[in-house]
Amino acid sequence: MNNTPQSDPVLDIRNLFIAYEPERYAVKDVSASVKRNRITAIMGPSGCGKSTLLRAMNRLHELYPNIQTKGDILLEGQSIFSMSVIELRRRVGMVFQRPNPFPNMTIYENVVAGFSLNDIRLKKNQRDEIVENALRNVALWDEVKESLFRKGTFLSGGQQQRLCVARAIAFNPDVLLLDEPTSALDPVATSKIEDLLGELKKKYTLVLVTHNMSQAARISDESMFMYLGELVESGPTGTLFTTPKDPRTEAYLTGKFG
Amino acid sequence: MSGDRITKALLFISSLTILLLSTGIVISLFGGAIPAFREFGLGFIFSSAWNPTAGNEEYGAMSFIAGTVITSLLALIICIPMAFTTSLFIAEYYRGTRTSGILRSLIDLLAGIPSIVYGFWGFYALRPLLVSTGLSDQGFGVFTASLVLAIMIVPYATSLSAEIISMVPAELKEAAYSLGATRREVIFSVVIPSARSGIIASFILALGRALGETMAVTMLIGNANVIPKGLFAPGNTMASVIANQFGEASGLKMSALIAVGLLLFLITALVNYLGKLIIKRFA
Ligand SMILES: Nc1ncnc2c1ncn2[C@@H]1O[C@H](COP(=O)(O)OP(=O)(O)O)[C@@H](O)[C@H]1O
Ligand SMILES: [Mg+2]
C-alpha cells in the first residue's frame, strides 16, 4: 500500500460536509489534499471549521452520534470510511489543543499507552526501546529519563505537549494531526514544538491547525485558508501568503478579521 | 438602610439560625445521653443488653450498632454492582442518548419515592417471596431489610457516580480513541481509573444514607433487640429502635435511646465526611 509515488497525496479530501446540527454545516464542500512529508497548515478565524475538518480525518466525529458527515477522505487512495476505525486511528495520530497526558499513567506508560490501550503486549526491552525512541524524537528524553516513572501530569505544559506528541508517534503513524498544539503554551515552549514539527515532517505527514498566521508562515509548506466552513484557498505557503487569489484570504492575512 | 445591606443582614440572620439550630441539636443530644453514659459508662457502646424491666434496667447499643452496620454494608454490597454498571451505562455507554435520558429520569423518580412506600413494598411483595423460598419463617430479618435498603440507595449512588463519570474530560477519552482504543478499552483504562476515587466516594455517601434509613428497615428487620444470629434472622438497627421505642420511653430508657441517636449521628457524620473529603480531592 505504501508503494505509491512520493508526489501522491497522503490524504485526499473530497466534497466533505460536516454538520453538528441538521443542515447547519460547520464544514461545507471542502476538497483538498495533503502532501507526503510536508506540514500542511489549516488557517482561518476562530469558529471557521478548522478543528471540525481536522477531526474528520481520524473519524473522531463518530464518537458523537449527532454529527453528520458527507463526502469522502482517502488515505493512500483508500476511503477512510471503509477501513476499520481502529486501524485508521493508528495510522492517523492526533495531538490536541490542551496537553492531555493520561493523569493515571506515568510518563513511560503514557508513551506506550497506544499499545496498552489496544491490548498489544510487548516485551520489556521492546517497550523500553519504543519509549526511548519516541521521547528522543520529541527532544524530551534528556529532560525526563530520570523520572520516567513519575506521573506525566507533573511535567510543564510544553513538556506535557511533547509527551503527547511522543504518545502519538510511538505507533509510527503515517499522518499526525495537530489541533493548535501550541495555543496553550508560552513562547519558549512554542518554539520548541515548532522546531520539533520541522524535524518530524521528515518521517511523517503533518496537518497543523493554527490560528496563528506567523506560525503557519514560519513552519508550514502548504496552507489552506478556511472561512465560515468553506475552504477559500489552498496552495504552497509562500504563494498563498505573498499572492493570495481570494480577497477574503488577503483580508485575513492583512489582519482585517480574525 | 440600602437594599444591599438589608439583604446582607437577612442572609446573615438565616445562616446564624442554621448554625444555632445545629449546635442546639448536638448539645441536646449530648445532654440527653449523659444519664445513660453515667450509668453504664463506655460499656454502653459494647453491651448488647436491652432490658427495660423496672429495677433491673440495663441498656447497651451493640445489638443496634451491629444491626445497622450489617444491614448497611450488606445493602452496599448489593448496591455496588447495580449502581456501578447503571452509571457507566448512563454516563458513558449511552451518554447523550434518549435511552440514557429516560433512564436518568427513572432513577430520579426512584430516588423520590418516600421510604415508607419502599417499606410497604418490601412488606407485601418481598417478604412473602422470601417466605416461599423457605429461607425464612416470616420473611422478616436482616436480608429482607438489606435488600430493600439496597434498592433505596441504588438511585442515589447511581446518580452520584454518573455525575462523576460524566465529569471525565472529553479530551482524555478522545486522546485514547485517537490511539485506536476501543470503547471498552477507553472505559476500563481511562474513564474508570480517572473517576475511581469519585466513584468510591459516591458509594461511601450512599452508605451514609443507608445507615440512617429508618422506616423501611423498621418494617422489615423484625425488631428483635439482639445481635442478628444470621442473614435471615431478625435484628434491629439504631434508627429503627429509636422509632419503635421512643413513644413509651422515659427516664434511663429515654436517655439510652438518645445515646443511640448520638452514636448514629457520629457514625453517619464520619462516613459522610469521608465521602465528601474524597469527592473534594477528586474535583
Ligand atoms: N460540539 C459542537 N456542537 C455544535 N457546534 C459546534 C461544535 N463544535 C464546533 N461547533 C461549531 O462549528 C463551527 C466550527 O467550529 P470549529 O471547527 O471548532 O472551529 P475552529 O476550530 O476553526 O475554531 C463553529 O461555528 C462552532 O460553533
Ligand atoms: Mg479549533
# chains A, B, ... in the order shown; residues from 1 in each chain; ligands from 1
>>> interface_residues(of="chain B", to="chain A", cutoff="7 Å", atoms="only C-alpha atoms", output="VMD selection string")
chain B and resid 171 to 172 178 to 181 185 189 193 to 194
>>> closest_atom_pairs(of="chain A", to="ligand 2", cutoff="10 Å", atoms="only C-alpha atoms and all ligand atoms", output="tab-separated table")
residue	atom	partner	partner_atom_place_in_ligand_line	distance
A:Gly44	CA	ligand 2	1 (Mg)	9.7
A:Pro45	CA	ligand 2	1 (Mg)	9.4
A:Ser46	CA	ligand 2	1 (Mg)	6.8
A:Gly47	CA	ligand 2	1 (Mg)	6.7
A:Cys48	CA	ligand 2	1 (Mg)	8.3
A:Gly49	CA	ligand 2	1 (Mg)	7.1
A:Lys50	CA	ligand 2	1 (Mg)	5.7
A:Ser51	CA	ligand 2	1 (Mg)	4.2
A:Thr52	CA	ligand 2	1 (Mg)	7.2
A:Leu53	CA	ligand 2	1 (Mg)	9.4
A:Leu54	CA	ligand 2	1 (Mg)	8.9
A:Arg55	CA	ligand 2	1 (Mg)	9.7
A:Phe96	CA	ligand 2	1 (Mg)	9.6
A:Gln97	CA	ligand 2	1 (Mg)	7.9
A:Asp179	CA	ligand 2	1 (Mg)	6.7
A:Glu180	CA	ligand 2	1 (Mg)	7.1
A:Val209	CA	ligand 2	1 (Mg)	7.5
A:Thr210	CA	ligand 2	1 (Mg)	8.1
A:His211	CA	ligand 2	1 (Mg)	8.4
>>> select_by_dssp(residues="range 154-275 of chain B", states="helix (DSSP H, G or I)", output="JSON, numbers by chain")
{"B": [154, 155, 156, 157, 158, 159, 160, 161, 162, 163, 164, 165, 166, 170, 171, 172, 173, 174, 175, 176, 177, 178, 183, 184, 185, 186, 187, 188, 189, 190, 191, 192, 193, 194, 195, 196, 197, 198, 199, 200, 201, 202, 203, 204, 205, 206, 207, 208, 209, 210, 211, 212, 215, 216, 217, 218, 219, 220, 238, 239, 240, 241, 242, 243, 244, 245, 246, 247, 248, 251, 252, 253, 254, 255, 256, 257, 258, 259, 260, 261, 262, 263, 264, 265, 266, 267, 268, 269, 270, 271, 272, 273, 274, 275]}
>>> select_by_dssp(residues="range 48-211 of chain A", states="strand (DSSP E or B)", output="PDB file with N, CA, C and O atoms, in the first residue's frame")
ATOM      1  N   GLN A  68     -23.130  14.779  11.568  1.00  0.00           N
ATOM      2  CA  GLN A  68     -23.291  14.141  10.262  1.00  0.00           C
ATOM      3  C   GLN A  68     -22.133  14.490   9.348  1.00  0.00           C
ATOM      4  O   GLN A  68     -21.701  15.631   9.294  1.00  0.00           O
ATOM      5  N   THR A  69     -21.661  13.483   8.638  1.00  0.00           N
ATOM      6  CA  THR A  69     -20.562  13.676   7.703  1.00  0.00           C
ATOM      7  C   THR A  69     -20.985  13.178   6.331  1.00  0.00           C
ATOM      8  O   THR A  69     -21.546  12.091   6.213  1.00  0.00           O
ATOM      9  N   LYS A  70     -20.720  14.005   5.305  1.00  0.00           N
ATOM     10  CA  LYS A  70     -20.944  13.578   3.918  1.00  0.00           C
ATOM     11  C   LYS A  70     -19.647  13.796   3.159  1.00  0.00           C
ATOM     12  O   LYS A  70     -18.847  14.640   3.535  1.00  0.00           O
ATOM     13  N   GLY A  71     -19.468  13.056   2.061  1.00  0.00           N
ATOM     14  CA  GLY A  71     -18.253  13.203   1.288  1.00  0.00           C
ATOM     15  C   GLY A  71     -17.275  12.103   1.651  1.00  0.00           C
ATOM     16  O   GLY A  71     -17.640  11.140   2.331  1.00  0.00           O
ATOM     17  N   ASP A  72     -16.035  12.259   1.204  1.00  0.00           N
ATOM     18  CA  ASP A  72     -15.087  11.163   1.416  1.00  0.00           C
ATOM     19  C   ASP A  72     -13.696  11.710   1.711  1.00  0.00           C
ATOM     20  O   ASP A  72     -13.378  12.849   1.370  1.00  0.00           O
ATOM     21  N   ILE A  73     -12.913  10.902   2.392  1.00  0.00           N
ATOM     22  CA  ILE A  73     -11.498  11.212   2.598  1.00  0.00           C
ATOM     23  C   ILE A  73     -10.720   9.939   2.267  1.00  0.00           C
ATOM     24  O   ILE A  73     -11.055   8.871   2.775  1.00  0.00           O
ATOM     25  N   LEU A  74      -9.717  10.086   1.386  1.00  0.00           N
ATOM     26  CA  LEU A  74      -8.912   8.921   1.030  1.00  0.00           C
ATOM     27  C   LEU A  74      -7.572   9.001   1.749  1.00  0.00           C
ATOM     28  O   LEU A  74      -6.934  10.051   1.786  1.00  0.00           O
ATOM     29  N   LEU A  75      -7.178   7.873   2.339  1.00  0.00           N
ATOM     30  CA  LEU A  75      -5.843   7.774   2.930  1.00  0.00           C
ATOM     31  C   LEU A  75      -5.068   6.803   2.064  1.00  0.00           C
ATOM     32  O   LEU A  75      -5.463   5.640   1.944  1.00  0.00           O
ATOM     33  N   GLN A  78      -7.294   4.973  -0.270  1.00  0.00           N
ATOM     34  CA  GLN A  78      -8.406   4.152   0.224  1.00  0.00           C
ATOM     35  C   GLN A  78      -9.305   4.978   1.120  1.00  0.00           C
ATOM     36  O   GLN A  78      -8.818   5.744   1.960  1.00  0.00           O
ATOM     37  N   SER A  79     -10.606   4.824   0.928  1.00  0.00           N
ATOM     38  CA  SER A  79     -11.529   5.620   1.732  1.00  0.00           C
ATOM     39  C   SER A  79     -11.389   5.284   3.211  1.00  0.00           C
ATOM     40  O   SER A  79     -11.430   4.122   3.598  1.00  0.00           O
ATOM     41  N   VAL A  92      -3.369   7.408  11.681  1.00  0.00           N
ATOM     42  CA  VAL A  92      -3.516   8.864  11.701  1.00  0.00           C
ATOM     43  C   VAL A  92      -3.603   9.311  13.164  1.00  0.00           C
ATOM     44  O   VAL A  92      -4.652   9.235  13.781  1.00  0.00           O
ATOM     45  N   GLY A  93      -2.469   9.730  13.713  1.00  0.00           N
ATOM     46  CA  GLY A  93      -2.430  10.111  15.131  1.00  0.00           C
ATOM     47  C   GLY A  93      -2.891  11.540  15.342  1.00  0.00           C
ATOM     48  O   GLY A  93      -3.023  12.305  14.384  1.00  0.00           O
ATOM     49  N   MET A  94      -3.122  11.876  16.605  1.00  0.00           N
ATOM     50  CA  MET A  94      -3.637  13.214  16.861  1.00  0.00           C
ATOM     51  C   MET A  94      -3.046  13.830  18.132  1.00  0.00           C
ATOM     52  O   MET A  94      -2.840  13.152  19.124  1.00  0.00           O
ATOM     53  N   VAL A  95      -2.796  15.136  18.050  1.00  0.00           N
ATOM     54  CA  VAL A  95      -2.345  15.905  19.216  1.00  0.00           C
ATOM     55  C   VAL A  95      -3.340  17.049  19.397  1.00  0.00           C
ATOM     56  O   VAL A  95      -3.734  17.690  18.426  1.00  0.00           O
ATOM     57  N   THR A 106       2.071   6.929  34.273  1.00  0.00           N
ATOM     58  CA  THR A 106       3.386   7.552  34.343  1.00  0.00           C
ATOM     59  C   THR A 106       3.793   8.032  32.949  1.00  0.00           C
ATOM     60  O   THR A 106       3.119   7.744  31.960  1.00  0.00           O
ATOM     61  N   LYS A 151       4.293  10.552  37.311  1.00  0.00           N
ATOM     62  CA  LYS A 151       3.083  10.861  36.541  1.00  0.00           C
ATOM     63  C   LYS A 151       3.380  11.941  35.497  1.00  0.00           C
ATOM     64  O   LYS A 151       4.104  12.894  35.779  1.00  0.00           O
ATOM     65  N   VAL A 175       0.279   9.725   9.374  1.00  0.00           N
ATOM     66  CA  VAL A 175      -0.101  11.141   9.441  1.00  0.00           C
ATOM     67  C   VAL A 175      -0.239  11.548  10.908  1.00  0.00           C
ATOM     68  O   VAL A 175      -0.668  10.754  11.737  1.00  0.00           O
ATOM     69  N   LEU A 176       0.145  12.782  11.192  1.00  0.00           N
ATOM     70  CA  LEU A 176      -0.054  13.314  12.537  1.00  0.00           C
ATOM     71  C   LEU A 176      -0.913  14.571  12.432  1.00  0.00           C
ATOM     72  O   LEU A 176      -0.555  15.516  11.716  1.00  0.00           O
ATOM     73  N   LEU A 177      -2.069  14.546  13.109  1.00  0.00           N
ATOM     74  CA  LEU A 177      -2.953  15.705  13.104  1.00  0.00           C
ATOM     75  C   LEU A 177      -2.680  16.522  14.359  1.00  0.00           C
ATOM     76  O   LEU A 177      -2.604  15.968  15.455  1.00  0.00           O
ATOM     77  N   LEU A 178      -2.518  17.840  14.209  1.00  0.00           N
ATOM     78  CA  LEU A 178      -2.246  18.678  15.377  1.00  0.00           C
ATOM     79  C   LEU A 178      -3.226  19.840  15.413  1.00  0.00           C
ATOM     80  O   LEU A 178      -3.284  20.633  14.468  1.00  0.00           O
ATOM     81  N   ASP A 179      -4.006  19.926  16.479  1.00  0.00           N
ATOM     82  CA  ASP A 179      -5.015  20.979  16.578  1.00  0.00           C
ATOM     83  C   ASP A 179      -4.506  22.092  17.497  1.00  0.00           C
ATOM     84  O   ASP A 179      -4.570  21.976  18.715  1.00  0.00           O
ATOM     85  N   THR A 205       3.717  12.787   7.840  1.00  0.00           N
ATOM     86  CA  THR A 205       2.991  13.850   7.165  1.00  0.00           C
ATOM     87  C   THR A 205       2.185  14.584   8.233  1.00  0.00           C
ATOM     88  O   THR A 205       1.476  13.953   9.002  1.00  0.00           O
ATOM     89  N   LEU A 206       2.345  15.906   8.284  1.00  0.00           N
ATOM     90  CA  LEU A 206       1.710  16.644   9.378  1.00  0.00           C
ATOM     91  C   LEU A 206       0.597  17.564   8.874  1.00  0.00           C
ATOM     92  O   LEU A 206       0.757  18.228   7.854  1.00  0.00           O
ATOM     93  N   VAL A 207      -0.511  17.580   9.592  1.00  0.00           N
ATOM     94  CA  VAL A 207      -1.568  18.553   9.328  1.00  0.00           C
ATOM     95  C   VAL A 207      -1.720  19.384  10.595  1.00  0.00           C
ATOM     96  O   VAL A 207      -1.988  18.849  11.667  1.00  0.00           O
ATOM     97  N   LEU A 208      -1.517  20.694  10.465  1.00  0.00           N
ATOM     98  CA  LEU A 208      -1.440  21.567  11.629  1.00  0.00           C
ATOM     99  C   LEU A 208      -2.525  22.637  11.568  1.00  0.00           C
ATOM    100  O   LEU A 208      -2.517  23.474  10.676  1.00  0.00           O
ATOM    101  N   VAL A 209      -3.446  22.574  12.506  1.00  0.00           N
ATOM    102  CA  VAL A 209      -4.427  23.653  12.615  1.00  0.00           C
ATOM    103  C   VAL A 209      -3.809  24.764  13.443  1.00  0.00           C
ATOM    104  O   VAL A 209      -3.218  24.509  14.491  1.00  0.00           O
TER     105      VAL A 209
END
>>> closest_residue(among="A:Leu163, A:Ala139, A:Ala56, A:Ile107", to="Glu199 in chain A", atoms="only C-alpha atoms")
A:Ala139
>>> residues_around(residues="Gly251 in chain B", least_positions_apart="4", cutoff="9 Å", atoms="only C-alpha atoms", output="PDB file with all heavy atoms, in the first residue's frame")
ATOM      1  N   PRO B  35     -27.159  10.808  81.162  1.00  0.00           N
ATOM      2  CA  PRO B  35     -27.562   9.831  82.177  1.00  0.00           C
ATOM      3  C   PRO B  35     -27.199   8.395  81.798  1.00  0.00           C
ATOM      4  O   PRO B  35     -26.709   7.632  82.644  1.00  0.00           O
ATOM      5  CB  PRO B  35     -29.078  10.006  82.240  1.00  0.00           C
ATOM      6  CG  PRO B  35     -29.323  11.394  81.781  1.00  0.00           C
ATOM      7  CD  PRO B  35     -28.261  11.694  80.777  1.00  0.00           C
ATOM      8  N   SER B 255     -32.915   8.142  77.921  1.00  0.00           N
ATOM      9  CA  SER B 255     -31.530   8.572  77.785  1.00  0.00           C
ATOM     10  C   SER B 255     -30.728   7.575  76.947  1.00  0.00           C
ATOM     11  O   SER B 255     -29.898   7.961  76.121  1.00  0.00           O
ATOM     12  CB  SER B 255     -30.897   8.733  79.169  1.00  0.00           C
ATOM     13  OG  SER B 255     -29.539   9.048  79.026  1.00  0.00           O
ATOM     14  N   ALA B 256     -31.017   6.275  77.138  1.00  0.00           N
ATOM     15  CA  ALA B 256     -30.317   5.258  76.346  1.00  0.00           C
ATOM     16  C   ALA B 256     -30.641   5.416  74.862  1.00  0.00           C
ATOM     17  O   ALA B 256     -29.761   5.315  73.996  1.00  0.00           O
ATOM     18  CB  ALA B 256     -30.704   3.862  76.834  1.00  0.00           C
TER      19      ALA B 256
END
